[in-house]
file run_6.pdb (PDB, C-alpha atoms)
ATOM      1  CA  MET A   1      28.796 203.939 289.651
ATOM      2  CA  LEU A   2      32.442 203.166 289.026
ATOM      3  CA  LYS A   3      34.253 205.045 286.265
ATOM      4  CA  PHE A   4      37.991 205.096 285.569
ATOM      5  CA  ASP A   5      38.672 208.808 285.307
ATOM      6  CA  HIS A   6      42.357 209.765 285.797
ATOM      7  CA  LEU A   7      45.761 208.131 285.410
ATOM      8  CA  ASN A   8      49.125 209.434 286.641
ATOM      9  CA  ILE A   9      52.238 208.662 284.608
ATOM     10  CA  PRO A  10      55.716 209.561 285.855
ATOM     11  CA  VAL A  11      57.870 211.188 283.150
ATOM     12  CA  SER A  12      61.529 212.183 283.011
ATOM     13  CA  ASP A  13      61.028 215.554 281.247
ATOM     14  CA  LEU A  14      57.631 217.177 281.717
ATOM     15  CA  ASP A  15      57.993 219.772 278.957
ATOM     16  CA  ARG A  16      59.073 217.180 276.371
ATOM     17  CA  SER A  17      56.295 214.745 277.333
ATOM     18  CA  ARG A  18      53.652 217.482 277.504
ATOM     19  CA  ASP A  19      54.591 218.660 274.013
ATOM     20  CA  TRP A  20      54.541 215.099 272.655
ATOM     21  CA  TYR A  21      51.084 214.257 274.055
ATOM     22  CA  LEU A  22      49.698 217.539 272.710
ATOM     23  CA  SER A  23      51.257 217.355 269.252
ATOM     24  CA  ALA A  24      51.257 213.602 268.579
ATOM     25  CA  LEU A  25      47.971 212.600 270.201
ATOM     26  CA  GLY A  26      46.114 215.899 270.158
ATOM     27  CA  LEU A  27      45.257 215.833 273.872
ATOM     28  CA  LYS A  28      44.302 219.135 275.516
ATOM     29  CA  VAL A  29      45.660 220.697 278.712
ATOM     30  CA  GLU A  30      43.066 220.513 281.482
ATOM     31  CA  PHE A  31      45.253 222.261 284.074
ATOM     32  CA  GLU A  32      48.855 222.538 285.220
ATOM     33  CA  VAL A  33      50.509 222.532 288.641
ATOM     34  CA  PRO A  34      53.924 224.078 287.939
ATOM     35  CA  ASP A  35      55.324 223.775 291.478
ATOM     36  CA  ARG A  36      54.567 220.018 291.369
ATOM     37  CA  ARG A  37      55.884 219.653 287.776
ATOM     38  CA  THR A  38      52.518 218.159 286.803
ATOM     39  CA  VAL A  39      50.117 218.667 283.914
ATOM     40  CA  ALA A  40      46.676 217.103 283.453
ATOM     41  CA  LEU A  41      45.851 216.284 279.841
ATOM     42  CA  GLN A  42      42.340 215.527 278.664
ATOM     43  CA  ASP A  43      41.192 213.268 275.834
ATOM     44  CA  GLY A  44      38.005 213.985 273.888
ATOM     45  CA  GLU A  45      35.803 211.969 276.270
ATOM     46  CA  GLY A  46      36.719 213.358 279.699
ATOM     47  CA  PHE A  47      39.537 210.999 280.708
ATOM     48  CA  ALA A  48      42.580 212.769 282.168
ATOM     49  CA  ILE A  49      46.197 211.663 282.099
ATOM     50  CA  PHE A  50      48.420 213.334 284.655
ATOM     51  CA  LEU A  51      52.054 213.641 283.595
ATOM     52  CA  GLN A  52      54.276 214.203 286.621
ATOM     53  CA  GLU A  53      57.999 214.786 286.319
ATOM     54  CA  LYS A  54      60.090 212.562 288.576
ATOM     55  CA  SER A  55      63.793 213.073 289.166
ATOM     56  CA  ALA A  56      64.394 209.369 289.808
ATOM     57  CA  GLY A  57      64.639 207.094 286.783
ATOM     58  CA  VAL A  58      61.397 206.551 284.906
ATOM     59  CA  ALA A  59      60.749 203.059 283.532
ATOM     60  CA  PRO A  60      57.605 202.256 281.551
ATOM     61  CA  ASN A  61      57.549 198.715 283.011
ATOM     62  CA  GLY A  62      55.225 197.431 280.307
ATOM     63  CA  VAL A  63      52.632 200.187 280.752
ATOM     64  CA  ALA A  64      50.553 200.704 277.617
ATOM     65  CA  LEU A  65      47.782 203.177 276.874
ATOM     66  CA  TRP A  66      45.033 202.283 274.410
ATOM     67  CA  PHE A  67      43.234 205.083 272.566
ATOM     68  CA  GLN A  68      40.148 204.370 270.514
ATOM     69  CA  VAL A  69      39.931 206.292 267.227
ATOM     70  CA  ASP A  70      37.229 206.379 264.549
ATOM     71  CA  ASP A  71      39.378 204.512 261.992
ATOM     72  CA  VAL A  72      42.862 203.271 262.886
ATOM     73  CA  ASP A  73      44.023 203.014 259.253
ATOM     74  CA  GLN A  74      42.951 206.593 258.527
ATOM     75  CA  ALA A  75      44.410 207.869 261.810
ATOM     76  CA  PHE A  76      47.717 206.176 261.026
ATOM     77  CA  ALA A  77      47.839 207.763 257.552
ATOM     78  CA  ALA A  78      46.893 211.235 258.823
ATOM     79  CA  TRP A  79      49.230 211.163 261.823
ATOM     80  CA  THR A  80      52.131 209.837 259.732
ATOM     81  CA  ALA A  81      51.532 212.667 257.229
ATOM     82  CA  ARG A  82      51.913 215.213 260.037
ATOM     83  CA  GLY A  83      55.164 213.614 261.222
ATOM     84  CA  VAL A  84      54.118 211.299 264.054
ATOM     85  CA  THR A  85      56.505 208.331 264.263
ATOM     86  CA  PHE A  86      54.996 204.904 264.893
ATOM     87  CA  VAL A  87      56.609 201.746 266.244
ATOM     88  CA  HIS A  88      54.455 199.936 263.679
ATOM     89  CA  GLY A  89      51.458 200.662 261.522
ATOM     90  CA  PRO A  90      48.071 198.987 261.772
ATOM     91  CA  GLN A  91      48.430 195.225 262.005
ATOM     92  CA  LYS A  92      47.111 192.222 263.859
ATOM     93  CA  ASN A  93      48.648 192.106 267.354
ATOM     94  CA  PHE A  94      48.138 189.950 270.434
ATOM     95  CA  TRP A  95      45.717 192.614 271.685
ATOM     96  CA  GLY A  96      43.846 192.966 268.378
ATOM     97  CA  TYR A  97      44.225 195.085 265.245
ATOM     98  CA  GLY A  98      45.869 198.479 265.582
ATOM     99  CA  ALA A  99      48.904 200.730 265.395
ATOM    100  CA  GLU A 100      51.484 201.394 268.074
ATOM    101  CA  LEU A 101      53.740 204.282 268.974
ATOM    102  CA  ALA A 102      55.896 205.127 271.986
ATOM    103  CA  ASP A 103      56.024 208.325 274.020
ATOM    104  CA  PRO A 104      59.375 209.961 274.889
ATOM    105  CA  ASP A 105      59.821 207.762 277.980
ATOM    106  CA  GLY A 106      58.913 204.546 276.169
ATOM    107  CA  TYR A 107      55.302 204.148 277.304
ATOM    108  CA  LEU A 108      53.436 202.293 274.581
ATOM    109  CA  VAL A 109      50.485 204.055 272.988
ATOM    110  CA  ARG A 110      48.154 201.836 270.991
ATOM    111  CA  LEU A 111      45.456 203.004 268.592
ATOM    112  CA  TRP A 112      42.467 200.865 267.707
ATOM    113  CA  ASP A 113      38.956 201.197 266.364
ATOM    114  CA  GLU A 114      35.850 199.173 267.035
ATOM    115  CA  ARG A 115      35.168 198.112 263.418
ATOM    116  CA  SER A 116      38.713 196.896 262.682
ATOM    117  CA  MET A 117      38.930 195.103 265.999
ATOM    118  CA  LYS A 118      35.880 193.026 265.040
ATOM    119  CA  GLU A 119      36.723 192.499 261.363
ATOM    120  CA  LYS A 120      40.493 191.983 261.290
TER     121      LYS A 120
END

call {"tool": "encode", "arguments": {"input": "run_6.pdb", "output": "structure tokens"}}
result
Amino acid sequence: MLKFDHLNIPVSDLDRSRDWYLSALGLKVEFEVPDRRTVALQDGEGFAIFLQEKSAGVAPNGVALWFQVDDVDQAFAAWTARGVTFVHGPQKNFWGYGAELADPDGYLVRLWDERSMKEK
């Protein structure tokens, strides 16, 4: 078996990024390693994103994270209503149909759903 399970992302300000991933995306803290300035965040399906603060400059270098939601149009409306800022709303993109936002360091976060991806 081969299963992609964890991803480490360097961030410039751990507290700011941690708060953003919790409030904007609704991820949950799996565990924290304070002396390493690292937090592991869990999605609803068992995938963990490690945020690790780095003192050297952090550059997203084209890194993008895709999150599948039940309905991208509904997620966009609900998240916008609670104050989440998007780069753009749901639309046809080179990668398919979905919405896009950026985390505090500029990493792209893309939302999509299976139905819209097939139909639009």

call {"tool": "closest_residue", "arguments": {"input": "run_6.pdb", "among": "A:Arg115, A:His6, A:His88, A:Lys120", "to": "Val69 in chain A", "atoms": "all atoms listed in the file"}}
result
A:Arg115

call {"tool": "resolve_selection", "arguments": {"input": "run_6.pdb", "expression": "the PyMOL selection byres ((chain A and resi 65) around 8)", "output": "list in words"}}
result
Val63, Ala64, Trp66, Phe67, Tyr107, Leu108, Val109 and Arg110 of chain A

call {"tool": "write_last_selection", "arguments": {"input": "run_6.pdb", "atoms": "C-alpha atoms", "output": "PDB file, in the frame of the given file"}}
result
ATOM      1  CA  VAL A  63      52.632 200.187 280.752  1.00  0.00           C
ATOM      2  CA  ALA A  64      50.553 200.704 277.617  1.00  0.00           C
ATOM      3  CA  TRP A  66      45.033 202.283 274.410  1.00  0.00           C
ATOM      4  CA  PHE A  67      43.234 205.083 272.566  1.00  0.00           C
ATOM      5  CA  TYR A 107      55.302 204.148 277.304  1.00  0.00           C
ATOM      6  CA  LEU A 108      53.436 202.293 274.581  1.00  0.00           C
ATOM      7  CA  VAL A 109      50.485 204.055 272.988  1.00  0.00           C
ATOM      8  CA  ARG A 110      48.154 201.836 270.991  1.00  0.00           C
TER       9      ARG A 110
END

call {"tool": "residues_around", "arguments": {"input": "run_6.pdb", "residues": "range 90-104 of chain A", "least_positions_apart": "2", "cutoff": "8 Å", "atoms": "all atoms listed in the file", "output": "ChimeraX atom specification"}}
result
/A:16-17,20-21,72-73,76,85-88,106-113,116-117,120

call {"tool": "residues_around", "arguments": {"input": "run_6.pdb", "residues": "Glu114 in chain A", "least_positions_apart": "5", "cutoff": "9 Å", "atoms": "all atoms listed in the file", "output": "compact mmCIF listing (two decimals) with C-alpha atoms, in the frame of the given file"}}
result
# COMPACT_ATOMS: atom_id res chain seq x y z
CA GLN A 68 40.15 204.37 270.51
CA VAL A 69 39.93 206.29 267.23
CA ASP A 70 37.23 206.38 264.55
CA ASP A 71 39.38 204.51 261.99
CA GLU A 119 36.72 192.50 261.36

call {"tool": "atom_distance", "arguments": {"input": "run_6.pdb", "atom1": "CA of Gln52 in chain A", "atom2": "CA of Leu14 in chain A"}}
result
6.6 Å

call {"tool": "resolve_selection", "arguments": {"input": "run_6.pdb", "expression": "the PyMOL selection byres ((chain A and resi 30-44) around 12)", "output": "number ranges by chain"}}
result
A: 5-23, 25-29, 45-55, 66-69

call {"tool": "atom_distance", "arguments": {"input": "run_6.pdb", "atom1": "CA of Asp105 in chain A", "atom2": "CA of Asn61 in chain A"}}
result
10.6 Å

call {"tool": "axis_aligned_box", "arguments": {"input": "run_6.pdb", "around": "range 7-26 of chain A", "padding_each_side": "4 Å", "output": "lines of an AutoDock Vina configuration file"}}
result
center_x = 53.6
center_y = 214.0
center_z = 277.6
size_x = 23.8
size_y = 19.6
size_z = 26.1

call {"tool": "atom_distance", "arguments": {"input": "run_6.pdb", "atom1": "CA of Ala81 in chain A", "atom2": "CA of Pro60 in chain A"}}
result
27.1 Å
